[in-house]
Each structure stands twice: as C-alpha cells, then as structure tokens.
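Peer 1: Got a structure for you, written out below as structure tokens; questions coming shortly.
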Amino acid sequence: MSGPLGFHVRELAEHDIPEARALMLRTVAEDFGDPYDPRIHADIDDMLGWYVSPTGPFMLVAVDDTSDALVATAGIRGGALKEGLSPQALVDRYRDGRTGQLVRVYVLREHRRRGIARVLVQAVLDRAAAEGHYDTIALHTFPHSPGALGFWQSMGAVLVDDDTDGVSRAMFFEIPSRVPPEASFLRK
C-alpha cells in the first residue's frame with residue numbers, strides 16, 4: 001500500500017531481514033541506550049522464524065519511495081510475557097495465546113514526523129483484525145522513548161499497568177478490540 005508522504009508499507013520479505021535487523025538494533029541503541037541482548041532481541045536475530053514463517057505473527061516495513069530503503073518496522077506476535085521480566089499480573093493475563101503484542105515499532109530518526117508510524121501501526125492493526133488470531137492487542141513502551149506515550153495514546157491505547165518503577169521499567173497498554181471493516185455487520 002502506498003502512502004501520500006513518499007513511503008509505502010509492505011510485508012517483511014526474507015531479503016529485507018539484514019536491513020530490518022540493522023534498523024532495529026540502531027533504534028534500540030539510539031532511543032533506549034540499550035546494548036544488544038540476545039535474550040531480549042531473540043526475535044531480531046530470527047525474524048524468519050518469528051515473523052515470516054509462522055501463522056499469526058507478522059512484520060510490516062515502511063519503504064522510502066525515493067531511496068527504496070527500509071525506514072521503519074512494526075509487527076505483531078503472540079503476547080506471552082517473560083516471567084520475571086514483566087509484572088506477574090500481565091504475564092498471567094496474556095498467557096492464553098489470544099493476545100497479540102505490537103512489537104518493534106521503530107522509525108529511523110531521520111524519517112520521523114512523516115506519519116510513518118501511524119500508517120504502519122494502522123496497517124498492522126487492520127491486518128490483525130482481519131486475520132482474527134488475537135482477541136487482545138497489547139504493547140509496552142518506555143517513558144523515555146521519544147514521543148512514544150503521546151503517540152500510543154493518540155492511537156487509542158489504554159494504560160493497563162505502569163511498571164516504570166518495577167522490573168520492566170515499562171508502561172503496558174492495550175488497544176481496544178476492533179471489528180475488521182469487512183465484518184461491519186457484526187456491529188449491530
């Protein structure tokens with residue numbers, strides 16, 4: 001799908017993986033100051049296994065129309081949280097396999113303020129709703145992530161747990177369920 005702002009969104013392809021990995025690791029370092037950690041970044045190391053091959057999870061990318069370079073990523077995967085790294089109430093809440101976590105929503109700094117994240121996240125939400133693998137869409141973010149809190153709130157995300165002083169240092173949100181456009185008859 002093409003956007004009016006000089007980029008288009010498409011599914012991550014196998015040939016994109018090295019460029020997508022570099023984009024993600026750069027964003028993690030620049031925005032969070034976090035070093036690479038194979039335990040936390042296992043999905044970045046195996047995008048084929050996490051986002052391309054399985055049914056349910058997927059990754060979309062935004063591609064700059066001028067340079068043909070990847071400028072952003074956003075995906076969804078099973079929402080189970082790791083014991084000891086997240087609040088236990090949320091670990092229990094998302095254990096059922098019907099929660100999708102919005103993940104790796106990263107836009108390179110030099111491409112921000114173009115509406116890329118909004119278009120990309122909306123595309124992920126629309127596809128997830130149409131496919132119906134998840135009943136709940138959740139995400140976490142960090143208060144020090146540039147513009148993240150305002151962005152997620154503008155996307156309709158609702159705070160479910162503020163663990164900024166806890167083990168995760170994150171804020172956890174859910175995006176209210178949506179009926180896919182082709183199923184609008186269910187709204188009656």
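We label chains A, B, ... in the order they appear in the structure tokens, count residues from 1 in each chain, and number ligands from 1 in the order shown.
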Can you pull out every residue within 10 Å of stretch 78-95 of chain A, counting only C-alpha atoms, but drop anything in the same chain fewer than 3 positions away, and send it as a list in words?

Peer 2: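 Counting only C-alpha atoms, the residues come to Ile40, Trp50, Gly56, Pro57, Arg98, Thr99, Gly100, Gln101, Leu102, Val103, His133, Tyr134, Thr136, Ile137, Ala138, Leu139, His140, Val160, Asp161, Asp162, Asp163, Gly166, Val167, Ser168, Arg169, Ala170 and Phe172 of chain A.
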
Peer 1: So which bits of stretch 54-167 of chain A end up alpha helix (DSSP H) when you DSSP the backbone, as an MDAnalysis selection string?

Peer 2: chainID A and resid 88:93 116:131 148:154

Peer 1: Would you export the selected residues with C-alpha atoms as a PDB file, in the first residue's frame, please?

Peer 2:
```pdb
ATOM      1  CA  GLN A  88       3.234 -11.075  37.022  1.00  0.00           C
ATOM      2  CA  ALA A  89      -0.393  -9.986  36.634  1.00  0.00           C
ATOM      3  CA  LEU A  90       0.271  -9.266  32.948  1.00  0.00           C
ATOM      4  CA  VAL A  91       2.254 -12.470  32.471  1.00  0.00           C
ATOM      5  CA  ASP A  92      -0.860 -14.308  33.711  1.00  0.00           C
ATOM      6  CA  ARG A  93      -3.274 -12.108  31.734  1.00  0.00           C
ATOM      7  CA  ILE A 116       5.096   6.659   9.031  1.00  0.00           C
ATOM      8  CA  ALA A 117       4.457   5.108  12.449  1.00  0.00           C
ATOM      9  CA  ARG A 118       0.748   5.931  12.351  1.00  0.00           C
ATOM     10  CA  VAL A 119       0.275   4.396   8.876  1.00  0.00           C
ATOM     11  CA  LEU A 120       2.393   1.358   9.734  1.00  0.00           C
ATOM     12  CA  VAL A 121       0.683   0.642  13.065  1.00  0.00           C
ATOM     13  CA  GLN A 122      -2.755   1.105  11.494  1.00  0.00           C
ATOM     14  CA  ALA A 123      -1.792  -1.414   8.796  1.00  0.00           C
ATOM     15  CA  VAL A 124      -0.719  -3.908  11.491  1.00  0.00           C
ATOM     16  CA  LEU A 125      -3.952  -3.365  13.444  1.00  0.00           C
ATOM     17  CA  ASP A 126      -6.106  -3.709  10.316  1.00  0.00           C
ATOM     18  CA  ARG A 127      -4.417  -6.933   9.254  1.00  0.00           C
ATOM     19  CA  ALA A 128      -4.541  -8.390  12.766  1.00  0.00           C
ATOM     20  CA  ALA A 129      -8.272  -7.603  12.999  1.00  0.00           C
ATOM     21  CA  ALA A 130      -8.937  -9.137   9.583  1.00  0.00           C
ATOM     22  CA  GLU A 131      -6.967 -12.307  10.361  1.00  0.00           C
ATOM     23  CA  ALA A 148       6.027   7.204  22.431  1.00  0.00           C
ATOM     24  CA  LEU A 149       3.455   7.951  25.134  1.00  0.00           C
ATOM     25  CA  GLY A 150       1.670  10.642  23.153  1.00  0.00           C
ATOM     26  CA  PHE A 151       1.751   8.530  20.024  1.00  0.00           C
ATOM     27  CA  TRP A 152       0.206   5.432  21.642  1.00  0.00           C
ATOM     28  CA  GLN A 153      -2.466   7.471  23.392  1.00  0.00           C
ATOM     29  CA  SER A 154      -3.347   9.116  20.054  1.00  0.00           C
TER      30      SER A 154
END
```

Peer 1: Using only C-alpha atoms, determine which residues lie at most 9 Å from stretch 58-62 of chain A, disregarding the query and same-chain residues fewer than 2 positions distant; provide the list as a PDB file with C-alpha atoms, in the first residue's frame.

Peer 2:
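Result went into around.pdb, see below:
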```
ATOM      1  CA  PHE A   7       6.730   5.833   1.501  1.00  0.00           C
ATOM      2  CA  HIS A   8       4.840   2.594   1.160  1.00  0.00           C
ATOM      3  CA  VAL A   9       4.092  -0.268   3.530  1.00  0.00           C
ATOM      4  CA  ARG A  10       4.590  -3.929   2.730  1.00  0.00           C
ATOM      5  CA  GLU A  11       5.240  -7.231   4.421  1.00  0.00           C
ATOM      6  CA  LEU A  12       8.775  -8.032   5.548  1.00  0.00           C
ATOM      7  CA  ALA A  13      10.442 -10.254   2.951  1.00  0.00           C
ATOM      8  CA  ASP A  16      14.804  -7.444   3.958  1.00  0.00           C
ATOM      9  CA  ALA A  20      15.499  -4.618   9.118  1.00  0.00           C
ATOM     10  CA  MET A  47      12.927 -12.709  12.052  1.00  0.00           C
ATOM     11  CA  TRP A  50       9.331 -15.206  14.399  1.00  0.00           C
ATOM     12  CA  TYR A  51       7.569 -13.160  11.713  1.00  0.00           C
ATOM     13  CA  VAL A  52       7.790 -14.699   8.239  1.00  0.00           C
ATOM     14  CA  SER A  53       7.163 -18.427   8.654  1.00  0.00           C
ATOM     15  CA  PRO A  54       4.543 -18.828  11.409  1.00  0.00           C
ATOM     16  CA  THR A  55       0.805 -18.265  11.092  1.00  0.00           C
ATOM     17  CA  GLY A  56      -0.403 -15.299  13.140  1.00  0.00           C
ATOM     18  CA  ASP A  64      11.076   5.153   1.366  1.00  0.00           C
ATOM     19  CA  ALA A  69      15.473   1.871   1.882  1.00  0.00           C
ATOM     20  CA  LEU A  70      13.619   0.477   4.890  1.00  0.00           C
ATOM     21  CA  VAL A  71      12.802   3.350   7.215  1.00  0.00           C
ATOM     22  CA  ALA A  72      10.500   1.696   9.773  1.00  0.00           C
ATOM     23  CA  THR A  73       9.224  -1.605  11.121  1.00  0.00           C
ATOM     24  CA  ALA A  74       6.171  -2.755  13.076  1.00  0.00           C
ATOM     25  CA  GLY A  75       4.949  -6.232  13.845  1.00  0.00           C
ATOM     26  CA  ILE A  76       2.706  -8.375  15.944  1.00  0.00           C
ATOM     27  CA  ARG A  77       3.367 -11.691  17.660  1.00  0.00           C
ATOM     28  CA  VAL A 103       6.362  -5.074  18.653  1.00  0.00           C
ATOM     29  CA  ARG A 104       9.385  -3.444  17.088  1.00  0.00           C
ATOM     30  CA  VAL A 107      11.121   4.575  12.762  1.00  0.00           C
ATOM     31  CA  ILE A 116       5.096   6.659   9.031  1.00  0.00           C
ATOM     32  CA  ALA A 117       4.457   5.108  12.449  1.00  0.00           C
ATOM     33  CA  VAL A 119       0.275   4.396   8.876  1.00  0.00           C
ATOM     34  CA  LEU A 120       2.393   1.358   9.734  1.00  0.00           C
ATOM     35  CA  VAL A 121       0.683   0.642  13.065  1.00  0.00           C
ATOM     36  CA  ALA A 123      -1.792  -1.414   8.796  1.00  0.00           C
ATOM     37  CA  VAL A 124      -0.719  -3.908  11.491  1.00  0.00           C
TER      38      VAL A 124
END
```

Peer 1: Go through A:Ile44, A:Leu5, A:Glu14, A:Gly132 and flag the residue nearest A:His111, using only C-alpha atoms for the distances.

Peer 2: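 Selected residue with least distance to A:His111: A:Leu5.
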
Peer 1: Would you please work out which residue, of A:Phe142, A:Asp46, A:Glu19, A:Gly97, is nearest to A:Asp165 when using only C-alpha atoms?

Peer 2: A:Phe142

Peer 1: Return the single residue from A:Asp31, A:Glu110, A:Asp45, A:Asp37 that is closest to A:Pro143, with distances computed using only C-alpha atoms.

Peer 2: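 Answer, going by the shortest atom-to-atom distance: A:Asp31.
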
Peer 1: Residues near A:Phe32, anyone? I mean within 8 Å using only C-alpha atoms, not counting same-chain ones fewer than 4 positions away, as a list in words.

Peer 2: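 With the cut-off at 8 Å, the set is Thr27, Val28, His144 and Ser145 of chain A.
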
Peer 1: Give the strand (DSSP E) residues of stretch 34-176 of chain A, as assigned by DSSP on the backbone, as an MDAnalysis selection string.

Peer 2: chainID A and resid 58:64 70:78 99:107 136:141 158:162 171:175

Peer 1: What would the file look like if the residues just selected were written as a short mmCIF file (atom, residue, chain, number, x, y, z; two decimals), in the first residue's frame with N, CA and C atoms?

Peer 2:
```
data_model
loop_
_atom_site.label_atom_id
_atom_site.label_comp_id
_atom_site.auth_asym_id
_atom_site.auth_seq_id
_atom_site.Cartn_x
_atom_site.Cartn_y
_atom_site.Cartn_z
N PHE A 58 3.42 -11.46 12.28
CA PHE A 58 3.95 -10.91 11.03
C PHE A 58 4.66 -9.59 11.31
N MET A 59 5.45 -9.15 10.35
CA MET A 59 6.17 -7.89 10.44
C MET A 59 5.92 -7.12 9.14
N LEU A 60 5.59 -5.83 9.29
CA LEU A 60 5.47 -4.95 8.14
C LEU A 60 6.63 -3.96 8.16
N VAL A 61 6.98 -3.46 6.99
CA VAL A 61 8.05 -2.47 6.89
C VAL A 61 7.54 -1.29 6.08
N ALA A 62 8.11 -0.12 6.37
CA ALA A 62 7.87 1.06 5.55
C ALA A 62 9.13 1.29 4.73
N VAL A 63 8.90 1.52 3.43
CA VAL A 63 10.00 1.69 2.49
C VAL A 63 9.91 3.09 1.90
N ASP A 64 11.02 3.82 1.95
CA ASP A 64 11.08 5.15 1.37
C ASP A 64 10.98 5.04 -0.15
N LEU A 70 14.55 0.67 3.78
CA LEU A 70 13.62 0.48 4.89
C LEU A 70 13.82 1.63 5.86
N VAL A 71 12.72 2.23 6.29
CA VAL A 71 12.80 3.35 7.22
C VAL A 71 12.05 3.08 8.52
N ALA A 72 11.26 1.99 8.56
CA ALA A 72 10.50 1.70 9.77
C ALA A 72 10.04 0.24 9.76
N THR A 73 9.75 -0.25 10.95
CA THR A 73 9.22 -1.60 11.12
C THR A 73 8.09 -1.58 12.14
N ALA A 74 7.21 -2.54 12.06
CA ALA A 74 6.17 -2.76 13.08
C ALA A 74 5.64 -4.16 12.87
N GLY A 75 5.44 -4.87 13.95
CA GLY A 75 4.95 -6.23 13.84
C GLY A 75 4.01 -6.58 14.97
N ILE A 76 3.56 -7.82 14.90
CA ILE A 76 2.71 -8.37 15.94
C ILE A 76 3.09 -9.84 16.12
N ARG A 77 3.06 -10.29 17.35
CA ARG A 77 3.37 -11.69 17.66
C ARG A 77 2.60 -12.08 18.90
N GLY A 78 2.65 -13.35 19.24
CA GLY A 78 1.99 -13.82 20.45
C GLY A 78 2.41 -12.99 21.64
N THR A 99 -3.60 -13.13 22.86
CA THR A 99 -3.15 -11.74 22.92
C THR A 99 -2.02 -11.55 21.92
N GLY A 100 -2.13 -10.51 21.11
CA GLY A 100 -1.05 -10.14 20.20
C GLY A 100 -0.33 -8.93 20.76
N GLN A 101 0.98 -8.99 20.74
CA GLN A 101 1.79 -7.86 21.18
C GLN A 101 2.26 -7.09 19.96
N LEU A 102 1.98 -5.79 19.91
CA LEU A 102 2.59 -4.92 18.91
C LEU A 102 4.06 -4.78 19.28
N VAL A 103 4.93 -5.05 18.34
CA VAL A 103 6.36 -5.07 18.65
C VAL A 103 7.18 -4.37 17.59
N ARG A 104 8.36 -3.98 17.98
CA ARG A 104 9.38 -3.44 17.09
C ARG A 104 8.84 -2.32 16.21
N VAL A 105 8.07 -1.42 16.83
CA VAL A 105 7.56 -0.25 16.13
C VAL A 105 8.67 0.79 16.20
N TYR A 106 9.49 0.78 15.17
CA TYR A 106 10.69 1.61 15.12
C TYR A 106 10.71 2.40 13.82
N VAL A 107 10.94 3.70 13.93
CA VAL A 107 11.12 4.58 12.76
C VAL A 107 12.49 5.24 12.93
N THR A 136 -6.98 -9.69 21.97
CA THR A 136 -6.47 -8.51 22.65
C THR A 136 -5.19 -8.08 21.96
N ILE A 137 -5.03 -6.79 21.76
CA ILE A 137 -3.79 -6.24 21.22
C ILE A 137 -3.13 -5.43 22.33
N ALA A 138 -1.92 -5.77 22.66
CA ALA A 138 -1.20 -5.14 23.76
C ALA A 138 0.15 -4.63 23.27
N LEU A 139 0.75 -3.78 24.07
CA LEU A 139 2.09 -3.28 23.75
C LEU A 139 2.70 -2.74 25.02
N HIS A 140 3.99 -2.56 24.99
CA HIS A 140 4.65 -1.85 26.08
C HIS A 140 5.57 -0.80 25.47
N THR A 141 5.82 0.23 26.23
CA THR A 141 6.74 1.28 25.79
C THR A 141 7.42 1.84 27.03
N VAL A 158 -4.82 2.22 25.77
CA VAL A 158 -5.26 2.45 27.14
C VAL A 158 -4.23 1.84 28.09
N LEU A 159 -3.76 2.62 29.04
CA LEU A 159 -2.77 2.16 30.01
C LEU A 159 -3.39 1.07 30.89
N VAL A 160 -2.72 -0.08 31.00
CA VAL A 160 -3.20 -1.15 31.88
C VAL A 160 -2.25 -1.42 33.04
N ASP A 161 -0.99 -0.97 32.92
CA ASP A 161 -0.04 -1.15 34.03
C ASP A 161 1.15 -0.23 33.82
N ASP A 162 1.45 0.55 34.84
CA ASP A 162 2.63 1.41 34.83
C ASP A 162 3.68 0.75 35.72
N MET A 171 5.74 0.85 30.49
CA MET A 171 4.32 1.10 30.63
C MET A 171 3.61 0.17 29.64
N PHE A 172 2.57 -0.50 30.12
CA PHE A 172 1.87 -1.50 29.32
C PHE A 172 0.49 -0.98 28.92
N PHE A 173 0.18 -1.11 27.66
CA PHE A 173 -1.07 -0.60 27.09
C PHE A 173 -1.80 -1.71 26.35
N GLU A 174 -3.09 -1.50 26.15
CA GLU A 174 -3.89 -2.34 25.26
C GLU A 174 -4.64 -1.41 24.32
N ILE A 175 -4.86 -1.89 23.11
CA ILE A 175 -5.66 -1.16 22.15
C ILE A 175 -7.00 -1.87 22.07
#
```

Peer 1: Report, in Å with one decimal, the straight-line distance from atom CA of A:Pro18 to atom CA of A:Tyr36.

Peer 2: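 Interatomic distance here is 15.3 Å.
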
Peer 1: Record the distance separating atom CA of A:Gly147 and atom CA of A:Asp43, expressed in Å with one decimal.

Peer 2: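 Separating atom CA of A:Gly147 from atom CA of A:Asp43 is a distance of 24.0 Å.
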
Peer 1: Mind giving me the straight-line distance from atom CA of A:Ile17 to atom CA of A:Gly33 in Å, one decimal?

Peer 2: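 Rounded to one decimal, the two atoms are 22.4 Å apart.
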